[in-house]
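Trainee: Below is the structure I would like to discuss, written out as structure tokens.
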2 protein chains.
Amino acid sequence: MKIVIAGGAGFLGQKLCRRLLDEAALTDAAGSCRPIARIVLFDQVAPAPALLADGRISHVVGDLADAATIARVLGDDTDSVFHLAAVVSAGAEADFDLGWHINLDGTRHLCEAVRTIGRPAKLVFASSLAAYGGQLPDPVTDETPATPETSYGAQKRAGELLVADYARKGFFDGRSMRLPTISVRPGKPNKAASGFASGIAREPLNGIDMACPVRPESCMALMSPRRVIDAFVRLHELPRDRLGWPPTLLLPGLRASMREMAEAVSRNAGNRKLGRIRFEVDPMIQRIVDGWPKETRSAKATALGFQGDASVDAIIKAYIADELGG
Amino acid sequence: MKIVIAGGAGFLGQKLCRRLLDEAALTDAAGSCRPIARIVLFDQVAPAPALLADGRISHVVGDLADAATIARVLGDDTDSVFHLAAVVSAGAEADFDLGWHINLDGTRHLCEAVRTIGRPAKLVFASSLAAYGGQLPDPVTDETPATPETSYGAQKRAGELLVADYARKGFFDGRSMRLPTISVRPGKPNKAASGFASGIAREPLNGIDMACPVRPESCMALMSPRRVIDAFVRLHELPRDRLGWPPTLLLPGLRASMREMAEAVSRNAGNRKLGRIRFEVDPMIQRIVDGWPKETRSAKATALGFQGDASVDAIIKAYIADELGG
């Protein structure tokens with residue numbers, strides 16, 4: 001089985017890659033469980049060299065806007081594509097044209113490339129809670145209309161529509177899921193407007209002071225990297241008829257205020273010397289975040305076995321265990 | 001004031017053009033009421049010659065896929081665009097690539113052209129109830145998620161997302177509305193899967209036998225051409241802040257079964273010798289229609305003064321009055 005991860009050099013992409021190696025086998029579009037022979041990481045940058053030590057993993061540096069490269073990467077022997085590549089929220093808000101070009105056109109190029117593989121393949125698309133906007137109920141549920149209020153959210157929703165329509169026509173087995181804000185991301189901040197939801201734990205735990213750009217009472221719907229990687233694998237493996245219509249799943253995002261996050265960091269820090277958190281509101285970030293769901297609950301996802309995180313403490317502990325060596 | 005109607009040679013486009021001539025003036029994006037100096041009908045075919053007799057009206061034959069032509073048609077002096085051009089439902093279902101190309105790329109070209117006019121302009125986009133699909137509540141309301149189950153519906157929903165995002169960024173004043181099935185359309189059947197909802201009245205009233213491709217109890221959410229043209233003008237004229245977010249309006253579609261339509265035709269026929277209606281189910285059409293709303297109610301549209309039709313009889317009478325000389 002050959003698997004392509006678009007956005008494969010990103011944090012989630014690399015984590016997914018490692019998880020797939022552990023799984024060793026996946027179910028293809030024909031329903032057969034087959035060993036994973038190759039994983040191709042497609043991204044604008046190269047992945048960590050350590051990942052490439054495994055002979056099954058290769059990488060291609062390229063642009064999602066480049067249809068020819070995508071077609072070449074997929075070739076005629078790809079069985080599954082995980083699509084995690086995107087211009088993130090603040091980036092798409094800052095550069096309107098780039099956002100639509102990469103997040104819509106790029107997704108379409110990828111859909112076309114999967115369609116032309118010439119045999120049934122799977123595409124798992126990482127959408128986002130940014131697909132919601134406007135006057136939102138709290139919590140957001142399966143019944144909530146997706147009326148995005150950011151370019152990123154509009155592009156993700158348009159991508160879901162594409163994936164669903166290609167899937168409905170039988171061009172491939174397409175599935176989308178709306179990711180909550182991932183927390184805690186390791187490494188450096190990215191351009192996502194939601195970056196502080198990781199930084200508020202990551203920076204203090206690494207002894208670095210941190211300015212949170214939203215008010216302490218601001219709530220975000222969060223999911224740990226562990227849970228979201230579980231969700232990618234589960235969505236890929238789900239028998240197609242169980243997903244129903246639309247083939248788009250809302251993932252359960254835990255309600256967490258930034259104050260709760262700060263408190264949980266203190267509670268779980270152990271002997272670490274913590275960096276300090278101060279709250280300095282950035283009106284643009286606050287406005288974007290205020291328009292996002294504060295919590296998400298999906299009866300459909302729960303019925304299909306998808307799990308959210310149990311608590312803010314569980315999210316912090318997972319980061320300490322996975323990224324700080326326990 | 002210069003107005004462009006994309007899809008201006010179609011039935012609704014020409015009807016809208018005549019109505020705008022009657023209105024004589026519209027409100028521009030700056031809020032000023034200004035006389036209509038020019039209307040350009042942009043379409044793949046030419047409009048009726050009679051329409052061009054008015055010196056204010058001109059036309060350009062061209063393709064919505066052709067960005068350069070669209071930019072030339074709009075120039076730097078267009079004040080408002082009405083976007084009614086589309087590959088219709090059965091057409092988009094039969095030709096996947098053409099549907100996405102015209103209905104998504106074409107709408108995007110139009111958005112770009114309006115954006116580059118260089119001064120504030122308005123864009124009114126004709127979306128469709130086909131944006132709804134899957135397990136639908138009855139009636140469909142403002143709270144119903146748009147999860148289209150046809151290519152046409154997915155393309156219309158993607159177009160709404162584009163228009164809303166361009167509008168949110170301030171590139172133009174964009175507004176969309178979801179049109180119910182228009183009934184009764186005059187003239188020949190088009191490729192829309194919903195064509196029978198007009199044919200079931202039009203053909204018998206013109207003495208022609210008609211095969212209805214869905215079961216008599218099948219309900220459609222209908223709106224007369226009179227009401228939909230009213231809605232175009234009303235949506236254009238609405239002060240922008242009254243529309244709210246998203247700038248997308250669900251129009252009220254009257255619940256009408258095909259049996260009720262057939263009965264209303266008989267009731268209102270007067271001395272006409274009616275063609276006969278027989279019901280011959282086409283499974284593809286029945287499946288598409290079963291996925292569409294049977295009735296739509298919008299508290300938002302009602303509060304803003306948009307009106308649906310009062311009854312099936314009113315719809316039939318409007319056709320007889322407007323198209324058959326009373």
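Identifiers in the structure tokens: chain A, B, ... in order shown; residue index from 1 per chain; ligand index from 1 in order shown.
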Kindly provide, as a PyMOL selection string, the residues of chain B having any atom no farther than 9 Å from an atom of chain A, counting only C-alpha atoms.
Mentor: chain B and resi 96+133-135+143-151+154-155+157-159+161-162+164-166+168-169+245-246
Trainee: Could I have chain B as an mmCIF file with C-alpha atoms, in the first residue's frame after it is superimposed on chain A by least squares, pairing all C-alpha atoms in sequence order?
Mentor:
```
data_model
loop_
_atom_site.group_PDB
_atom_site.id
_atom_site.type_symbol
_atom_site.label_atom_id
_atom_site.label_comp_id
_atom_site.auth_asym_id
_atom_site.auth_seq_id
_atom_site.Cartn_x
_atom_site.Cartn_y
_atom_site.Cartn_z
ATOM 1 C CA MET B 1 -0.018 0.000 -0.013
ATOM 2 C CA LYS B 2 1.302 3.437 -0.978
ATOM 3 C CA ILE B 3 0.213 6.416 1.102
ATOM 4 C CA VAL B 4 0.760 10.096 0.375
ATOM 5 C CA ILE B 5 0.547 12.689 3.154
ATOM 6 C CA ALA B 6 0.081 16.198 1.755
ATOM 7 C CA GLY B 7 1.442 18.529 4.382
ATOM 8 C CA GLY B 8 3.523 15.572 5.506
ATOM 9 C CA ALA B 9 6.434 17.621 6.835
ATOM 10 C CA GLY B 10 4.231 19.514 9.262
ATOM 11 C CA PHE B 11 3.846 18.584 12.889
ATOM 12 C CA LEU B 12 0.653 16.570 12.416
ATOM 13 C CA GLY B 13 1.845 15.105 9.111
ATOM 14 C CA GLN B 14 5.021 13.696 10.664
ATOM 15 C CA LYS B 15 3.129 12.446 13.700
ATOM 16 C CA LEU B 16 0.618 10.737 11.419
ATOM 17 C CA CYS B 17 3.470 9.193 9.453
ATOM 18 C CA ARG B 18 4.999 7.683 12.596
ATOM 19 C CA ARG B 19 1.617 6.379 13.660
ATOM 20 C CA LEU B 20 1.025 4.750 10.258
ATOM 21 C CA LEU B 21 4.370 2.985 10.568
ATOM 22 C CA ASP B 22 3.196 1.644 13.928
ATOM 23 C CA GLU B 23 -0.116 0.536 12.405
ATOM 24 C CA ALA B 24 1.876 -1.247 9.659
ATOM 25 C CA ALA B 25 -1.259 -1.938 7.604
ATOM 26 C CA LEU B 26 -4.409 -0.093 6.535
ATOM 27 C CA THR B 27 -7.642 -0.879 4.732
ATOM 28 C CA ASP B 28 -7.657 0.105 1.079
ATOM 29 C CA ALA B 29 -10.620 1.462 -0.895
ATOM 30 C CA ALA B 30 -11.553 -2.076 -1.922
ATOM 31 C CA GLY B 31 -11.834 -3.103 1.746
ATOM 32 C CA SER B 32 -8.647 -5.177 1.900
ATOM 33 C CA CYS B 33 -6.217 -4.807 4.776
ATOM 34 C CA ARG B 34 -2.770 -4.403 3.231
ATOM 35 C CA PRO B 35 0.702 -3.712 4.598
ATOM 36 C CA ILE B 36 2.034 -0.177 4.205
ATOM 37 C CA ALA B 37 4.883 -0.434 1.721
ATOM 38 C CA ARG B 38 5.519 3.277 1.097
ATOM 39 C CA ILE B 39 4.668 6.626 2.637
ATOM 40 C CA VAL B 40 5.427 9.771 0.617
ATOM 41 C CA LEU B 41 5.556 13.041 2.542
ATOM 42 C CA PHE B 42 4.646 15.872 0.184
ATOM 43 C CA ASP B 43 5.213 19.377 1.497
ATOM 44 C CA GLN B 44 6.861 22.724 0.846
ATOM 45 C CA VAL B 45 9.718 21.731 3.118
ATOM 46 C CA ALA B 46 11.553 18.520 3.939
ATOM 47 C CA PRO B 47 10.563 16.459 6.991
ATOM 48 C CA ALA B 48 12.911 15.723 9.874
ATOM 49 C CA PRO B 49 15.846 13.608 8.594
ATOM 50 C CA ALA B 50 15.226 11.023 11.330
ATOM 51 C CA LEU B 51 11.898 10.151 9.732
ATOM 52 C CA LEU B 52 13.574 9.386 6.408
ATOM 53 C CA ALA B 53 15.765 6.758 7.999
ATOM 54 C CA ASP B 54 12.895 4.310 7.572
ATOM 55 C CA GLY B 55 13.171 2.810 4.097
ATOM 56 C CA ARG B 56 9.426 2.996 3.539
ATOM 57 C CA ILE B 57 9.380 6.782 3.806
ATOM 58 C CA SER B 58 10.321 9.217 1.070
ATOM 59 C CA HIS B 59 9.519 12.849 0.537
ATOM 60 C CA VAL B 60 8.876 15.326 -2.259
ATOM 61 C CA VAL B 61 9.283 19.058 -1.782
ATOM 62 C CA GLY B 62 6.688 20.885 -3.844
ATOM 63 C CA ASP B 63 3.732 23.194 -3.940
ATOM 64 C CA LEU B 64 0.049 22.243 -3.665
ATOM 65 C CA ALA B 65 -0.626 24.848 -6.360
ATOM 66 C CA ASP B 66 1.424 22.748 -8.798
ATOM 67 C CA ALA B 67 -0.985 20.226 -10.321
ATOM 68 C CA ALA B 68 1.679 18.471 -12.391
ATOM 69 C CA THR B 69 3.864 17.740 -9.375
ATOM 70 C CA ILE B 70 0.912 16.447 -7.387
ATOM 71 C CA ALA B 71 -0.053 14.108 -10.225
ATOM 72 C CA ARG B 72 3.543 12.852 -10.398
ATOM 73 C CA VAL B 73 3.719 12.283 -6.626
ATOM 74 C CA LEU B 74 0.508 10.255 -6.634
ATOM 75 C CA GLY B 75 1.294 8.407 -9.859
ATOM 76 C CA ASP B 76 -0.972 5.477 -10.640
ATOM 77 C CA ASP B 77 -0.159 3.422 -7.554
ATOM 78 C CA THR B 78 -1.302 5.534 -4.597
ATOM 79 C CA ASP B 79 -3.900 3.872 -2.403
ATOM 80 C CA SER B 80 -4.606 6.592 0.144
ATOM 81 C CA VAL B 81 -3.985 10.299 0.511
ATOM 82 C CA PHE B 82 -4.143 12.224 3.757
ATOM 83 C CA HIS B 83 -4.589 15.913 2.929
ATOM 84 C CA LEU B 84 -3.296 18.118 5.743
ATOM 85 C CA ALA B 85 -1.663 20.852 3.662
ATOM 86 C CA ALA B 86 -2.989 24.401 4.011
ATOM 87 C CA VAL B 87 -2.243 28.051 4.326
ATOM 88 C CA VAL B 88 -3.308 28.446 7.955
ATOM 89 C CA SER B 89 -5.927 30.813 9.325
ATOM 90 C CA ALA B 90 -4.018 34.032 9.973
ATOM 91 C CA GLY B 91 -1.990 33.425 6.810
ATOM 92 C CA ALA B 92 -5.114 33.042 4.674
ATOM 93 C CA GLU B 93 -6.594 36.136 6.335
ATOM 94 C CA ALA B 94 -3.457 38.159 5.577
ATOM 95 C CA ASP B 95 -3.097 36.958 1.976
ATOM 96 C CA PHE B 96 -6.538 36.458 0.435
ATOM 97 C CA ASP B 97 -5.298 35.330 -2.970
ATOM 98 C CA LEU B 98 -2.733 32.875 -1.627
ATOM 99 C CA GLY B 99 -5.292 31.348 0.724
ATOM 100 C CA TRP B 100 -7.861 30.667 -1.986
ATOM 101 C CA HIS B 101 -5.152 29.511 -4.369
ATOM 102 C CA ILE B 102 -3.591 26.937 -2.070
ATOM 103 C CA ASN B 103 -6.557 25.936 0.059
ATOM 104 C CA LEU B 104 -9.132 25.695 -2.747
ATOM 105 C CA ASP B 105 -7.182 25.234 -5.994
ATOM 106 C CA GLY B 106 -4.609 23.021 -4.289
ATOM 107 C CA THR B 107 -7.302 20.800 -2.810
ATOM 108 C CA ARG B 108 -8.905 20.588 -6.236
ATOM 109 C CA HIS B 109 -5.604 19.595 -7.861
ATOM 110 C CA LEU B 110 -5.282 16.880 -5.254
ATOM 111 C CA CYS B 111 -8.840 15.662 -5.878
ATOM 112 C CA GLU B 112 -8.150 15.538 -9.612
ATOM 113 C CA ALA B 113 -4.931 13.619 -9.061
ATOM 114 C CA VAL B 114 -6.669 11.048 -6.858
ATOM 115 C CA ARG B 115 -9.472 10.767 -9.417
ATOM 116 C CA THR B 116 -7.008 9.999 -12.194
ATOM 117 C CA ILE B 117 -5.141 7.262 -10.327
ATOM 118 C CA GLY B 118 -7.281 4.871 -12.305
ATOM 119 C CA ARG B 119 -8.281 2.564 -9.493
ATOM 120 C CA PRO B 120 -10.224 3.180 -6.282
ATOM 121 C CA ALA B 121 -8.316 5.236 -3.733
ATOM 122 C CA LYS B 122 -9.072 7.018 -0.474
ATOM 123 C CA LEU B 123 -8.724 10.698 0.383
ATOM 124 C CA VAL B 124 -8.944 11.889 3.989
ATOM 125 C CA PHE B 125 -9.255 15.670 4.174
ATOM 126 C CA ALA B 126 -8.387 17.702 7.270
ATOM 127 C CA SER B 127 -10.996 20.426 7.523
ATOM 128 C CA SER B 128 -11.432 22.740 10.474
ATOM 129 C CA LEU B 129 -13.858 24.172 13.008
ATOM 130 C CA ALA B 130 -13.130 27.447 11.230
ATOM 131 C CA ALA B 131 -15.847 26.228 8.846
ATOM 132 C CA TYR B 132 -18.240 27.562 11.499
ATOM 133 C CA GLY B 133 -18.895 31.252 12.041
ATOM 134 C CA GLY B 134 -21.515 33.918 12.629
ATOM 135 C CA GLN B 135 -24.002 33.508 15.472
ATOM 136 C CA LEU B 136 -23.063 30.056 16.777
ATOM 137 C CA PRO B 137 -24.891 27.866 19.262
ATOM 138 C CA ASP B 138 -22.829 26.664 22.205
ATOM 139 C CA PRO B 139 -21.856 23.905 21.919
ATOM 140 C CA VAL B 140 -21.678 23.518 18.161
ATOM 141 C CA THR B 141 -23.225 20.205 17.079
ATOM 142 C CA ASP B 142 -23.886 18.095 13.987
ATOM 143 C CA GLU B 143 -26.966 20.264 13.335
ATOM 144 C CA THR B 144 -25.055 23.573 13.194
ATOM 145 C CA PRO B 145 -24.789 25.165 9.727
ATOM 146 C CA ALA B 146 -21.235 25.859 8.588
ATOM 147 C CA THR B 147 -21.193 29.575 7.772
ATOM 148 C CA PRO B 148 -17.511 30.477 8.009
ATOM 149 C CA GLU B 149 -16.466 34.003 8.830
ATOM 150 C CA THR B 150 -12.805 33.750 7.844
ATOM 151 C CA SER B 151 -11.170 33.066 4.489
ATOM 152 C CA TYR B 152 -9.551 29.938 5.904
ATOM 153 C CA GLY B 153 -12.903 28.621 7.073
ATOM 154 C CA ALA B 154 -14.578 29.391 3.744
ATOM 155 C CA GLN B 155 -11.754 27.613 1.911
ATOM 156 C CA LYS B 156 -11.973 24.566 4.162
ATOM 157 C CA ARG B 157 -15.752 24.385 3.698
ATOM 158 C CA ALA B 158 -15.321 24.686 -0.071
ATOM 159 C CA GLY B 159 -12.750 21.879 0.111
ATOM 160 C CA GLU B 160 -15.245 19.671 1.961
ATOM 161 C CA LEU B 161 -17.799 20.334 -0.786
ATOM 162 C CA LEU B 162 -15.275 19.281 -3.429
ATOM 163 C CA VAL B 163 -14.248 16.117 -1.585
ATOM 164 C CA ALA B 164 -17.882 15.160 -0.979
ATOM 165 C CA ASP B 165 -18.880 15.715 -4.605
ATOM 166 C CA TYR B 166 -15.937 13.738 -6.000
ATOM 167 C CA ALA B 167 -16.782 10.978 -3.519
ATOM 168 C CA ARG B 168 -20.487 11.015 -4.401
ATOM 169 C CA LYS B 169 -19.595 10.633 -8.075
ATOM 170 C CA GLY B 170 -17.458 7.619 -7.191
ATOM 171 C CA PHE B 171 -14.186 9.216 -8.312
ATOM 172 C CA PHE B 172 -12.628 8.195 -5.002
ATOM 173 C CA ASP B 173 -13.563 7.343 -1.441
ATOM 174 C CA GLY B 174 -13.441 10.807 0.152
ATOM 175 C CA ARG B 175 -13.867 11.653 3.817
ATOM 176 C CA SER B 176 -13.459 14.948 5.656
ATOM 177 C CA MET B 177 -13.254 15.823 9.317
ATOM 178 C CA ARG B 178 -13.412 19.177 11.061
ATOM 179 C CA LEU B 179 -10.465 19.434 13.401
ATOM 180 C CA PRO B 180 -10.740 21.336 16.665
ATOM 181 C CA THR B 181 -7.827 23.574 17.590
ATOM 182 C CA ILE B 182 -4.882 21.267 18.179
ATOM 183 C CA SER B 183 -3.276 21.716 21.562
ATOM 184 C CA VAL B 184 -0.516 21.348 22.540
ATOM 185 C CA ARG B 185 1.561 21.701 19.360
ATOM 186 C CA PRO B 186 5.311 21.429 19.987
ATOM 187 C CA GLY B 187 7.935 23.580 18.328
ATOM 188 C CA LYS B 188 7.698 27.160 17.208
ATOM 189 C CA PRO B 189 4.470 29.159 16.806
ATOM 190 C CA ASN B 190 2.963 29.014 13.289
ATOM 191 C CA LYS B 191 0.795 31.605 11.553
ATOM 192 C CA ALA B 192 -2.469 30.120 12.782
ATOM 193 C CA ALA B 193 -4.616 32.621 14.671
ATOM 194 C CA SER B 194 -5.156 29.817 17.176
ATOM 195 C CA GLY B 195 -1.451 29.360 17.885
ATOM 196 C CA PHE B 196 -1.749 30.751 21.407
ATOM 197 C CA ALA B 197 -3.899 27.767 22.425
ATOM 198 C CA SER B 198 -0.718 25.718 22.239
ATOM 199 C CA GLY B 199 1.695 28.475 23.212
ATOM 200 C CA ILE B 200 -0.075 29.069 26.499
ATOM 201 C CA ALA B 201 1.072 25.626 27.642
ATOM 202 C CA ARG B 202 4.177 25.059 25.546
ATOM 203 C CA GLU B 203 6.027 28.276 26.275
ATOM 204 C CA PRO B 204 5.665 28.270 30.092
ATOM 205 C CA LEU B 205 6.513 24.567 30.291
ATOM 206 C CA ASN B 206 9.698 25.327 28.360
ATOM 207 C CA GLY B 207 10.544 28.207 30.690
ATOM 208 C CA ILE B 208 9.559 30.898 28.212
ATOM 209 C CA ASP B 209 7.309 33.882 28.981
ATOM 210 C CA MET B 210 4.182 34.016 26.845
ATOM 211 C CA ALA B 211 1.757 36.759 25.787
ATOM 212 C CA CYS B 212 -1.731 35.349 25.246
ATOM 213 C CA PRO B 213 -3.516 37.517 22.641
ATOM 214 C CA VAL B 214 -7.049 36.829 23.913
ATOM 215 C CA ARG B 215 -8.845 37.370 27.217
ATOM 216 C CA PRO B 216 -8.416 34.676 29.914
ATOM 217 C CA GLU B 217 -12.120 33.754 29.755
ATOM 218 C CA SER B 218 -11.913 33.087 26.000
ATOM 219 C CA CYS B 219 -12.846 29.470 25.338
ATOM 220 C CA MET B 220 -11.534 27.289 22.560
ATOM 221 C CA ALA B 221 -12.609 23.824 21.420
ATOM 222 C CA LEU B 222 -9.404 21.824 21.806
ATOM 223 C CA MET B 223 -8.114 18.394 20.862
ATOM 224 C CA SER B 224 -4.758 16.849 21.687
ATOM 225 C CA PRO B 225 -2.446 15.631 18.912
ATOM 226 C CA ARG B 226 -2.910 12.072 20.237
ATOM 227 C CA ARG B 227 -6.656 12.205 19.731
ATOM 228 C CA VAL B 228 -6.517 13.856 16.332
ATOM 229 C CA ILE B 229 -4.043 11.278 15.020
ATOM 230 C CA ASP B 230 -6.358 8.571 16.353
ATOM 231 C CA ALA B 231 -9.167 10.283 14.429
ATOM 232 C CA PHE B 232 -7.214 10.314 11.148
ATOM 233 C CA VAL B 233 -6.614 6.577 11.363
ATOM 234 C CA ARG B 234 -10.149 5.836 12.511
ATOM 235 C CA LEU B 235 -11.713 7.922 9.726
ATOM 236 C CA HIS B 236 -9.501 6.201 7.151
ATOM 237 C CA GLU B 237 -10.472 2.762 8.428
ATOM 238 C CA LEU B 238 -14.211 3.398 8.850
ATOM 239 C CA PRO B 239 -16.361 1.298 6.504
ATOM 240 C CA ARG B 240 -17.633 3.770 3.956
ATOM 241 C CA ASP B 241 -21.343 3.155 4.445
ATOM 242 C CA ARG B 242 -21.072 3.924 8.159
ATOM 243 C CA LEU B 243 -20.060 7.538 7.552
ATOM 244 C CA GLY B 244 -23.298 8.474 5.768
ATOM 245 C CA TRP B 245 -24.018 11.799 4.079
ATOM 246 C CA PRO B 246 -22.331 14.193 4.051
ATOM 247 C CA PRO B 247 -19.010 12.344 4.379
ATOM 248 C CA THR B 248 -17.862 15.058 6.761
ATOM 249 C CA LEU B 249 -17.325 14.520 10.450
ATOM 250 C CA LEU B 250 -17.295 17.050 13.270
ATOM 251 C CA LEU B 251 -14.654 16.049 15.842
ATOM 252 C CA PRO B 252 -15.388 16.601 19.545
ATOM 253 C CA GLY B 253 -13.453 19.610 20.812
ATOM 254 C CA LEU B 254 -13.047 20.053 24.568
ATOM 255 C CA ARG B 255 -14.167 23.400 26.023
ATOM 256 C CA ALA B 256 -11.140 25.095 27.568
ATOM 257 C CA SER B 257 -10.727 28.698 28.655
ATOM 258 C CA MET B 258 -7.254 30.147 28.485
ATOM 259 C CA ARG B 259 -7.426 30.682 32.251
ATOM 260 C CA GLU B 260 -8.114 26.957 32.739
ATOM 261 C CA MET B 261 -5.191 26.149 30.474
ATOM 262 C CA ALA B 262 -2.881 28.431 32.472
ATOM 263 C CA GLU B 263 -4.035 26.837 35.740
ATOM 264 C CA ALA B 264 -3.587 23.319 34.373
ATOM 265 C CA VAL B 265 -0.048 24.197 33.299
ATOM 266 C CA SER B 266 0.757 25.244 36.893
ATOM 267 C CA ARG B 267 -0.883 22.127 38.330
ATOM 268 C CA ASN B 268 1.025 19.743 36.081
ATOM 269 C CA ALA B 269 4.405 21.457 35.864
ATOM 270 C CA GLY B 270 6.155 19.308 38.467
ATOM 271 C CA ASN B 271 9.580 20.749 39.235
ATOM 272 C CA ARG B 272 9.822 22.814 36.040
ATOM 273 C CA LYS B 273 10.553 26.501 36.322
ATOM 274 C CA LEU B 274 7.610 27.960 34.410
ATOM 275 C CA GLY B 275 7.643 30.909 32.062
ATOM 276 C CA ARG B 276 5.046 33.543 32.889
ATOM 277 C CA ILE B 277 1.754 34.063 31.053
ATOM 278 C CA ARG B 278 0.392 37.554 30.540
ATOM 279 C CA PHE B 279 -2.781 38.456 28.695
ATOM 280 C CA GLU B 280 -2.390 41.136 25.994
ATOM 281 C CA VAL B 281 -5.430 41.240 23.746
ATOM 282 C CA ASP B 282 -4.800 41.503 20.005
ATOM 283 C CA PRO B 283 -8.161 42.755 18.665
ATOM 284 C CA MET B 284 -7.820 40.958 15.311
ATOM 285 C CA ILE B 285 -7.045 37.602 16.950
ATOM 286 C CA GLN B 286 -9.736 38.113 19.610
ATOM 287 C CA ARG B 287 -12.318 38.864 16.900
ATOM 288 C CA ILE B 288 -11.393 35.742 14.901
ATOM 289 C CA VAL B 289 -11.403 33.527 17.987
ATOM 290 C CA ASP B 290 -14.713 34.937 19.258
ATOM 291 C CA GLY B 291 -16.286 33.702 16.031
ATOM 292 C CA TRP B 292 -15.129 30.117 16.540
ATOM 293 C CA PRO B 293 -16.886 27.336 18.424
ATOM 294 C CA LYS B 294 -16.116 27.131 22.152
ATOM 295 C CA GLU B 295 -16.955 23.453 22.319
ATOM 296 C CA THR B 296 -18.117 20.851 19.804
ATOM 297 C CA ARG B 297 -20.192 17.737 20.349
ATOM 298 C CA SER B 298 -20.966 15.258 17.615
ATOM 299 C CA ALA B 299 -23.396 12.425 18.217
ATOM 300 C CA LYS B 300 -22.302 11.009 14.869
ATOM 301 C CA ALA B 301 -18.609 11.014 15.809
ATOM 302 C CA THR B 302 -19.339 9.504 19.228
ATOM 303 C CA ALA B 303 -21.460 6.737 17.688
ATOM 304 C CA LEU B 304 -18.576 5.952 15.338
ATOM 305 C CA GLY B 305 -16.113 5.687 18.237
ATOM 306 C CA PHE B 306 -14.260 8.992 17.846
ATOM 307 C CA GLN B 307 -13.112 10.303 21.205
ATOM 308 C CA GLY B 308 -12.270 13.750 22.475
ATOM 309 C CA ASP B 309 -9.994 14.586 25.380
ATOM 310 C CA ALA B 310 -11.251 14.012 28.913
ATOM 311 C CA SER B 311 -9.978 17.233 30.487
ATOM 312 C CA VAL B 312 -7.645 20.193 30.189
ATOM 313 C CA ASP B 313 -5.259 18.340 32.501
ATOM 314 C CA ALA B 314 -5.253 15.364 30.123
ATOM 315 C CA ILE B 315 -4.245 17.672 27.264
ATOM 316 C CA ILE B 316 -1.370 19.176 29.272
ATOM 317 C CA LYS B 317 -0.232 15.762 30.518
ATOM 318 C CA ALA B 318 -0.225 14.356 26.991
ATOM 319 C CA TYR B 319 2.093 17.155 25.870
ATOM 320 C CA ILE B 320 4.454 16.618 28.786
ATOM 321 C CA ALA B 321 4.511 12.868 28.147
ATOM 322 C CA ASP B 322 4.873 13.016 24.364
ATOM 323 C CA GLU B 323 7.117 16.026 23.874
ATOM 324 C CA LEU B 324 8.932 16.751 27.143
ATOM 325 C CA GLY B 325 9.889 13.210 28.016
ATOM 326 C CA GLY B 326 7.258 12.814 30.767
#
```
Trainee: List every residue of range 217-322 of chain A that DSSP, applied to the backbone of this structure, places in strand (DSSP E or B), and write the result as a short mmCIF file (atom, residue, chain, number, x, y, z; two decimals) with N, CA and C atoms, in the first residue's frame.
Mentor:
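Result saved to selection_14.cif:
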```cif
data_model
loop_
_atom_site.label_atom_id
_atom_site.label_comp_id
_atom_site.auth_asym_id
_atom_site.auth_seq_id
_atom_site.Cartn_x
_atom_site.Cartn_y
_atom_site.Cartn_z
N CYS A 219 -12.84 30.93 25.43
CA CYS A 219 -12.84 29.47 25.34
C CYS A 219 -12.55 29.01 23.93
N MET A 220 -11.82 27.93 23.84
CA MET A 220 -11.54 27.29 22.56
C MET A 220 -11.96 25.83 22.65
N ALA A 221 -12.32 25.25 21.49
CA ALA A 221 -12.62 23.82 21.43
C ALA A 221 -11.32 23.12 21.05
N LEU A 222 -10.75 22.37 21.99
CA LEU A 222 -9.40 21.82 21.81
C LEU A 222 -9.40 20.31 21.64
N MET A 223 -8.36 19.84 20.97
CA MET A 223 -8.12 18.40 20.86
C MET A 223 -6.61 18.17 20.88
N THR A 248 -18.57 14.02 6.06
CA THR A 248 -17.85 15.07 6.77
C THR A 248 -18.16 14.92 8.25
N LEU A 249 -17.13 14.81 9.04
CA LEU A 249 -17.33 14.53 10.46
C LEU A 249 -16.86 15.70 11.31
N LEU A 250 -17.68 16.05 12.28
CA LEU A 250 -17.29 17.05 13.28
C LEU A 250 -16.60 16.32 14.43
N GLY A 253 -14.47 18.72 20.27
CA GLY A 253 -13.45 19.61 20.82
C GLY A 253 -13.80 19.99 22.25
N LEU A 254 -12.85 19.77 23.14
CA LEU A 254 -13.05 20.06 24.58
C LEU A 254 -13.10 21.56 24.84
N ARG A 255 -14.09 21.98 25.63
CA ARG A 255 -14.17 23.39 26.02
C ARG A 255 -13.05 23.72 27.01
N ALA A 256 -12.24 24.72 26.67
CA ALA A 256 -11.15 25.10 27.57
C ALA A 256 -10.95 26.61 27.49
N SER A 257 -11.06 27.27 28.65
CA SER A 257 -10.73 28.70 28.66
C SER A 257 -9.21 28.83 28.80
N ILE A 277 2.81 33.75 32.04
CA ILE A 277 1.77 34.05 31.06
C ILE A 277 1.18 35.41 31.37
N ARG A 278 1.17 36.29 30.36
CA ARG A 278 0.42 37.52 30.54
C ARG A 278 -0.60 37.62 29.41
N PHE A 279 -1.68 38.33 29.68
CA PHE A 279 -2.75 38.44 28.69
C PHE A 279 -2.70 39.82 28.05
N THR A 296 -17.36 21.58 20.83
CA THR A 296 -18.12 20.87 19.80
C THR A 296 -18.50 19.49 20.31
#
```
